[in-house]
Structure formats: structure tokens, C-alpha cells
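Visitor: Quick one: the structure is below, and I'll ask about it shortly.
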Amino acid sequence: MKNKTKRSVSSWGFDPKNLDTSVRPQNDFFHFAAGGWIKRHPIPPTKAKWGTFYVLREDGLKKLRALIEEIADSSHAKGTEGQIIRDFYLSGMDTKTRNKLGLKPLEPFFRKIDAIKNGQNIIDFIAYLHKAGFSLLWGTHVGQDDKDSEHYTVFLAQSGLTLPDRDFYLKKDPRSETIRDEFLKYIEKMLVIAGEKPAQAREDARVILELETKLARFSMSNVDTRDIEKVYNRKSVQELGKLAPAVEWRKFFETVGIKNARSLVVLQPEFISKATALLAKTPLDTWKKYLRWHVLNGCSPLLSTKFISIRFQFFGKVLMGSQKPEPVWKRVIGALETYIGEAVGKEYVKRHFPPEAKKKIDELVDNLFAAYEERLKNIDWMSPATKKKALAKLAAISRKLGYPSKWKSYKGLDIRPDEYFQNAMRALRLERRREIGRYGKKVDRTEWFMTPQTVNAYYSPNMNEIAFPAGILQPPFFDPDADAAINYGAIGSVIGHEITHGFDDQGSKFDGRGNFKNWWTADDRKRFDKKANVLVKQFNGYKVGDINVNGKLTLGENIADLGGAVMAYYAYMRHLEREGRRDIAGFTPEQRFFLGLTLVESGHQRPEAARTQVMTDPHSPAVFRINGPTSNMTEFYEAFGVTKEDRLYRDPKDRAKIW
């Protein structure tokens with residue numbers, strides 16, 4: 001072995017115990033690199049999935065618990081963020097009061113439903129819920145206009161289903177039938193503990209499923225909903241009135257709080273038309289059952305342990321395969337994340353994201369951008385005209401690292417130590433007022449769409465920006481003291497992944513300012529689509545149990561996975577040119593890069609969770625997020641000596657190569 005280092009195994013950032021050397025890397029690189037980790041880390045009973053990603057989230061939760069409990073043990077002046085965090089946490093942890101209250105917090109909603117006398121009352125109640133922050137039957141949202149990224153506009157979207165996707169209602173296979181049977185039992189149990197007699201609850205469950213199945217038939221598929229060309233449908237309020245005359249839309253928007261709405265984007269026009277037409281065609285009593293159910297189900301995580309337990313039995317156990325619910329403290333911290341996340345995040349970064357970490361990740365991002373620019377300049381399938389615009393878009397991508405430069409204000413938020421449900425509702429209304437208040441204004445480009453403590457990252461096509469919260473910039477994904485190969489393979493590939501989203505099948509339809517605008521020549525777009533279709537076909541061939549991965553649904557993420565790995569690899573090659581080569585623990589620099597690539601995806605999941613993921617998630621299962629990109633990368637073949645006899649081998653003409 002050349003240039004053997006004296007550095008200890010524990011210090012270079014990859015634990016050799018993660019390996020399963022009974023698997024040849026040329027046949028199944030994922031299980032070679034992560035199989036040992038999987039064997040040593042069974043899925044905990046409270047989890048549907050388990051992996052390095054989730055371990056990092058668990059570590060983050062423990063850090064959050066420590067700082068929140070420290071805050072909860074101290075006194076804070078009324079209205080300060082310390083008081084808001086303390087009392088929200090105490091109210092959630094006070095299960096005695098929550099159990100004593102039972103269904104009482106929902107009584108104001110139920111009284112409004114009981115008072116409904118006609119179709120207009122239904123619409124008024126839906127508007128009331130939308131103003132409070134709930135999306136029922138359809139969703140209203142104020143966000144960045146896809147064709148005018150400097151301003152906010154109103155969006156109208158399909159909604160109204162309890163199950164995760166329309167296919168759960170429509171597929172005829174045995175597993176889907178079982179889920180629907182269990183769904184009926186779930187509704188029935190919830191309604192019984194909410195006070196209904198069993199026979200009535202059983203009948204109401206049937207009525208609710210029947211209505212939701214009609215809505216599912218009207219719903220756009222999850223493949224189509226990610227296609228910006230199909231969902232960007234700008235209409236005036238007058239045109240919306242013709243599309244869906246059952247609703248007096250100006251009045252509806254004013255009730256929600258959106259004043260003087262002139263036009264909006266209707267994401268799924270067919271759904272809005274057909275769903276609103278159901279208002280007159282469906283008995284009033286059916287709608288009242290439906291409304292009551294959605295209030296009960298939607299609010300159940302904030303109620304007594306009875307409701308939470310029954311909810312877990314369906315959503316946790318049936319849909320995802322988890323065996324036990326999470327402890328109360330984790331659920332309450334999850335609520336804090338949802339409702340007052342940036343207040344908690346401000347405290348998190350003080351303790352867990354020092355300035356030197358931000359500086360080092362900034363340097364790594366610089367190197368990724370430099371590698372990306374170099375690759376774009378040398379792409380042989382793109383014309384000079386389109387390439388020039390691609391390079392301009394790349395240069396315009398902004399970065400957000402660690403935490404916001406401007407924090408959200410929670411001034412005026414009334415949080416009390418014995419009102420968990422009301423605390424959540426007040427926080428939800430505050431956020432909703434903040435969102436709706438943006439309508440017609442210029443876009444705030446300092447806004448973050450994740451909290452600093454989140455273990456995740458994102459690319460925003462409208463902002464043309466990448467964001468990496470402090471939560472994900474932690475070992476093993478990013479360790480300033482680890483071998484550079486591991487950092488480039490792990491967090492480097494994530495950075496490259498997010499940059500590539502700006503050039504995936506949908507992100508590539510937005511320009512450098514974040515506007516939905518074609519900047520391609522027709523021939524370049526055809527060539528791009530042809531290259532992307534190679535990935536569609538590849539991933540359509542992967543199976544989970546008895547169902548195939550959906551190559552079209554997962555296309556954007558698959559392009560980003562491949563592009564991220566390629567770009568991170570070339571950024572690391574640039575690093576090696578500057579710093580020199582050495583082997584560590586018997587692995588070459590190139591091999592160590594690919595080991596680092598697996599760190600973010602190392603893990604496994606229960607069969608129920610895997611099936612739900614394939615049906616609903618634009619991300620492919622972990623094994624394919626590693627074996628897919630590596631099987632397309634000549635650099636991997638060279639690093640591990642892959643030949644025609646190996647299972648990961650693809651003929652060069654069949655390999656996907658885009659960015």
C-alpha cells in the first residue's frame with residue numbers, strides 16, 4: 001500500500017465496521033459500504049426507518065432537549081423567546097392536563113360545524129379554517145410567483161385527503177385494500193372515543209372514505225404535480241369563478257385574509273372545478289361528517305394520549321411499520337419545531353455551530369461551485385448559447401449556510417404553560433398572518449424554509465439558492481477534522497445534489513432570478529430530455545417488494561444524486577491536486593470518496609415504510625440512491641475495478657451522463 005498514513009482509523013471519518021466485506025463492492029456497493037452498519041444498528045421499535053441520517057436527527061433532538069429543558073428550568077419575562085419556548089414545552093409535557101381536557105379544545109370547531117345549514121356555510125367554515133392555517137378540501141397559500149420571482153402571489157391547490165396520496169384510495173392490490181380496511185377501522189375508533197356510538201361511527205367512516213375516494217379520483221397524480229408546466233395556471237378571480245362557480249371566491253379570499261386578490265395560480269384546475277362541484281351534489285350531512293373528521297384527525301397530535309395512541313396505530317404501525325410511538329418529549333419538541341422553530345433554532349446555533357464550522361463549509365461550497373463551472377464549460381452536448389445561460393444561472397445561485405441572517409419575530413405570541421392546543425393554534429395563526437401579509441409585496445430573499453436545527457438541505461428554484469442548516473453540517477456528514485475524501489463524498493455530494501436541482505428536469509425550467517422561463521434552445525432541451533430518460537428507465541427497473549420505483553416521480557432527485565456525486569468527485573480531484581494523495585486504511589483517495597458518498601444514505605427501513613416511500617416520495621430508496629449513481633460513473637468503475645462480469649456494470653452506451 002502506497003503512502004500509508006499513521007492516522008488512526010477513528011480519526012479519518014469512516015468507521016471500517018460499516019463495511020460488509022462478504023459483499024463485493026462491484027456487485028452491490030451500498031451493502032458493501034453500509035451493510036456492517038445496518039447489521040449493527042437494527043431499526044428501533046419507535047422507528048419506521050433507521051440510518052445515519054436518522055441517528056444525526058436523534059443526536060440533534062437530544063441537543064434540543066438539553067437546551068429546551070435548561071430554558072424550561074429558568075425564569076423568563078413574559079413575551080421573551082425564552083418564555084415562549086419554556087411555556088410551550090411545559091404545556092406539551094403536561095399530559096395530565098391534556099388528558100383531562102380530552103376533546104374539549106375542539107368544541108369551538110364542532111359548534112361551528114353543527115351550526116352549518118347550507119352550502120355557503122360549508123364554504124365559510126373552510127375559509128375560517130384556511131385563515132387559521134389549515135388546508136381543507138383545497139389549500140390556499142401565498143408564495144413566490146413562479147413567473148415573477150420578485151413578488152408574492154396566491155396559489156390554490158388540491159387537498160382534502162387523509163391518506164398520503166390518491167393511489168392509496170384507487171389501487172386494487174391486496175396491500176392497498178388492507179390499508180383501506182385499516183383506515184376505516186381507524187376512523188371508527190377515533191369517532192368512538194370522540195363520543196359516537198360504534199354503529200354510527202362505522203357508518204360515518206364508510207361515508208368519509210367514499211367522499212375522499214371521489215376527491216382522490218379528481219386529484220392530479222404526484223408525477224404531474226411536480227411538473228411546473230402542468231401546475232402553473234394563472235387565472236383572474238373572475239376566471240376562477242367560471243371554473244368553480246360553486247364558490248364566491250372574492251368573499252372566500254377576503255375571509256381568509258387575502259384582500260383585493262386580482263389573480264392567482266391554480267395548481268390543479270380540474271380538481272378545484274370538480275371538488276367544488278361536489279359541494280352541491282353531496283348531502284349536507286356528509287360534508288359535516290367530513291369536516292368534523294378532518295378537524296379531529298388533523299388536531300389529534302395535540303390532544304390526549306388516547307387520540308395519539310390510536311393515530312399511531314394507523315399512521316405509525318399500519319402505514320410505516322413502527323412498533324412503538326415516540327416518547328412524549330420527542331413529540332413535543334417536534335411541535336416546537338413546527339410552530340416556533342426559529343426561536344428554538346436561535347438557541348441551537350449559539351451552542352452547536354461555531355463560526356469556524358461555517359467558514360470551513362463555505363470553503364467546501366466554493367470548491368463545489370468551481371468544479372461545477374468547469375464541468376459546465378466542458379459539456380459536449382450543449383450549445384454555446386444555452387451553456388452561456390447555464391453558467392450565468394450557476395453564478396447567480398446564492399448560498400445560505402447554518403442559520404438565517406434575519407430571525408423571525410414571535411413578538412406578541414401568547415404562550416401559556418397549560419394550554420398546549422391553544423398555544424399551537426395561536427402560533428399557527430401568527431405564521432399564517434405572516435404568510436398572508438406578504439401578498440402583493442416584494443419577496444424577502446433572506447427568508448429560510450427550514451429551521452437551523454433541521455437535518456436536511458434544499459434548493460429553491462424561485463430563489464435560485466441552496467440552503468444548508470446547521471443541523472446537517474455535523475459529523476458524520478461534515479467533520480472539519482475528517483479526511484477530505486469523506487467530507488467531499490458525504491456533505492460534498494449533498495451540496496452538489498442541491499446545486500444540481502437548479503439543473504434537473506424541473507429546476508432547469510427556471511432562470512437565474514428564479515423565474516419559470518425557458519432559457520434553452522429547442523435542440524438542447526431535446527438532448528437533455530433524452531439523457532434524463534435514461535435515468536427514468538433505469539429506476540423504473542428497480543423494485544421494492546412487489547412494486548417498481550417510479551422513474552418519473554423520482555427523476556429530479558435521481559438527476560440531483562448523480563450530478564451531486566459527479567460534481568463532488570471532481571471538486572475532490574481538484575483538492576487532491578493541491579494537497580497531494582495518500583492511502584488510508586488500505587483505501588485509495590478515490591475509494592474513500594465513494595465510501596463517504598454512502599454515509600448520508602447508510603440505513604434501512606421496514607417493508608411498510610419502503611412501500612409507502614415508493615408510492616409517495618420523489619426520493620428513491622437508499623440502496624438505489626447509491627447503486628444507481630455509482631453504476632453510471634466511470635470513475636467508480638476505475639476506483640473499484642468494475643468489469644462486465646459484475647452486477648453493477650452497465651455498458652457505456654447505457655450509462656446516464658447529464659451534468
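All residue names refer to the C-alpha cells as shown: chains lettered A, B, ... in order, residues numbered from 1 in each chain, ligands numbered from 1 in order.
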Find the residues near range 165-180 of chain A: any atom within 9 Å, counting only C-alpha atoms, skip ones fewer than 4 places away on the same chain, and give them as a PyMOL selection string.

Guide: chain A and resi 161+184-185+209+212-213+215-222+314+318-319+615-616

Visitor: Output C-alpha atoms for every residue in that selection, as a PDB file, in the first residue's frame.

Guide:
ATOM      1  CA  LEU A 161     -57.338  13.590   1.653  1.00  0.00           C
ATOM      2  CA  LEU A 184     -61.975   2.543   8.075  1.00  0.00           C
ATOM      3  CA  LYS A 185     -61.191   0.973  11.464  1.00  0.00           C
ATOM      4  CA  LEU A 209     -63.945   7.132   2.795  1.00  0.00           C
ATOM      5  CA  GLU A 212     -62.417  11.088  -0.037  1.00  0.00           C
ATOM      6  CA  THR A 213     -62.266   8.438  -2.783  1.00  0.00           C
ATOM      7  CA  LEU A 215     -61.710  13.544  -4.274  1.00  0.00           C
ATOM      8  CA  ALA A 216     -58.833  11.124  -4.981  1.00  0.00           C
ATOM      9  CA  ARG A 217     -60.249  10.426  -8.460  1.00  0.00           C
ATOM     10  CA  PHE A 218     -60.191  14.168  -9.196  1.00  0.00           C
ATOM     11  CA  SER A 219     -56.651  14.593  -7.837  1.00  0.00           C
ATOM     12  CA  MET A 220     -53.657  15.120 -10.091  1.00  0.00           C
ATOM     13  CA  SER A 221     -51.005  12.379  -9.852  1.00  0.00           C
ATOM     14  CA  ASN A 222     -47.826  13.009  -7.887  1.00  0.00           C
ATOM     15  CA  PHE A 314     -52.674   3.566  11.908  1.00  0.00           C
ATOM     16  CA  VAL A 318     -50.050   0.220   9.524  1.00  0.00           C
ATOM     17  CA  LEU A 319     -48.584   2.722   7.053  1.00  0.00           C
ATOM     18  CA  MET A 615     -45.742   5.364  -3.692  1.00  0.00           C
ATOM     19  CA  THR A 616     -45.338   8.910  -2.403  1.00  0.00           C
TER      20      THR A 616
END

Visitor: Determine, for each residue of range 445-499 of chain A having at least one atom at most 12 Å from an atom of range 625-629 of chain A, the closest pair of atoms and their separation in Å to one decimal, counting only C-alpha atoms; order by chain and ascending number, as JSON lines.

Guide:
{"residue": "A:Gly489", "atom": "CA", "partner": "A:Ile626", "partner_atom": "CA", "distance": 11.4}
{"residue": "A:Ala490", "atom": "CA", "partner": "A:Ile626", "partner_atom": "CA", "distance": 11.6}
{"residue": "A:Ser493", "atom": "CA", "partner": "A:Pro629", "partner_atom": "CA", "distance": 11.2}
{"residue": "A:Val494", "atom": "CA", "partner": "A:Arg625", "partner_atom": "CA", "distance": 11.9}
{"residue": "A:His497", "atom": "CA", "partner": "A:Arg625", "partner_atom": "CA", "distance": 11.4}

Visitor: If we count only C-alpha atoms and set the cut-off at 7 Å, which residues sit around Gln158 in chain A, ignoring sequence neighbours fewer than 3 positions away in its own chain? Please answer as number ranges by chain.

Guide: A: 137-139, 219, 268, 271-272

Visitor: Based on the backbone DSSP call, show me all residues of range 106-216 of chain A assigned alpha helix (DSSP H), as a count of residues only.

Guide: 65

Visitor: Using only C-alpha atoms, find the one residue out of A:Glu419, A:Glu239, A:Asp651, A:Asp481 that sits nearest to Thr95 in chain A.

Guide: A:Glu419

Visitor: Mind dumping a table of every range 508-619 of chain A residue within 6 Å of range 377-397 of chain A, with the nearest atom pair and its distance in Å to one decimal, using only C-alpha atoms, sorted by chain and rising number, as a tab-separated table?

Guide:
residue	atom	partner	partner_atom	distance
A:Gly512	CA	A:Lys393	CA	4.2
A:Trp520	CA	A:Thr386	CA	5.3
A:Asp524	CA	A:Met382	CA	5.8

Visitor: Store the residues picked out above, limited to N, CA and C atoms, as a PDB file, in the first residue's frame.

Guide:
ATOM      1  N   GLY A 512     -31.937  32.410 -13.817  1.00  0.00           N
ATOM      2  CA  GLY A 512     -31.062  32.783 -12.708  1.00  0.00           C
ATOM      3  C   GLY A 512     -31.716  33.621 -11.633  1.00  0.00           C
ATOM      4  N   TRP A 520     -33.403  27.618 -22.803  1.00  0.00           N
ATOM      5  CA  TRP A 520     -32.763  26.586 -23.610  1.00  0.00           C
ATOM      6  C   TRP A 520     -33.108  26.757 -25.095  1.00  0.00           C
ATOM      7  N   ASP A 524     -31.232  21.674 -27.538  1.00  0.00           N
ATOM      8  CA  ASP A 524     -30.593  21.358 -26.258  1.00  0.00           C
ATOM      9  C   ASP A 524     -31.566  20.704 -25.297  1.00  0.00           C
TER      10      ASP A 524
END
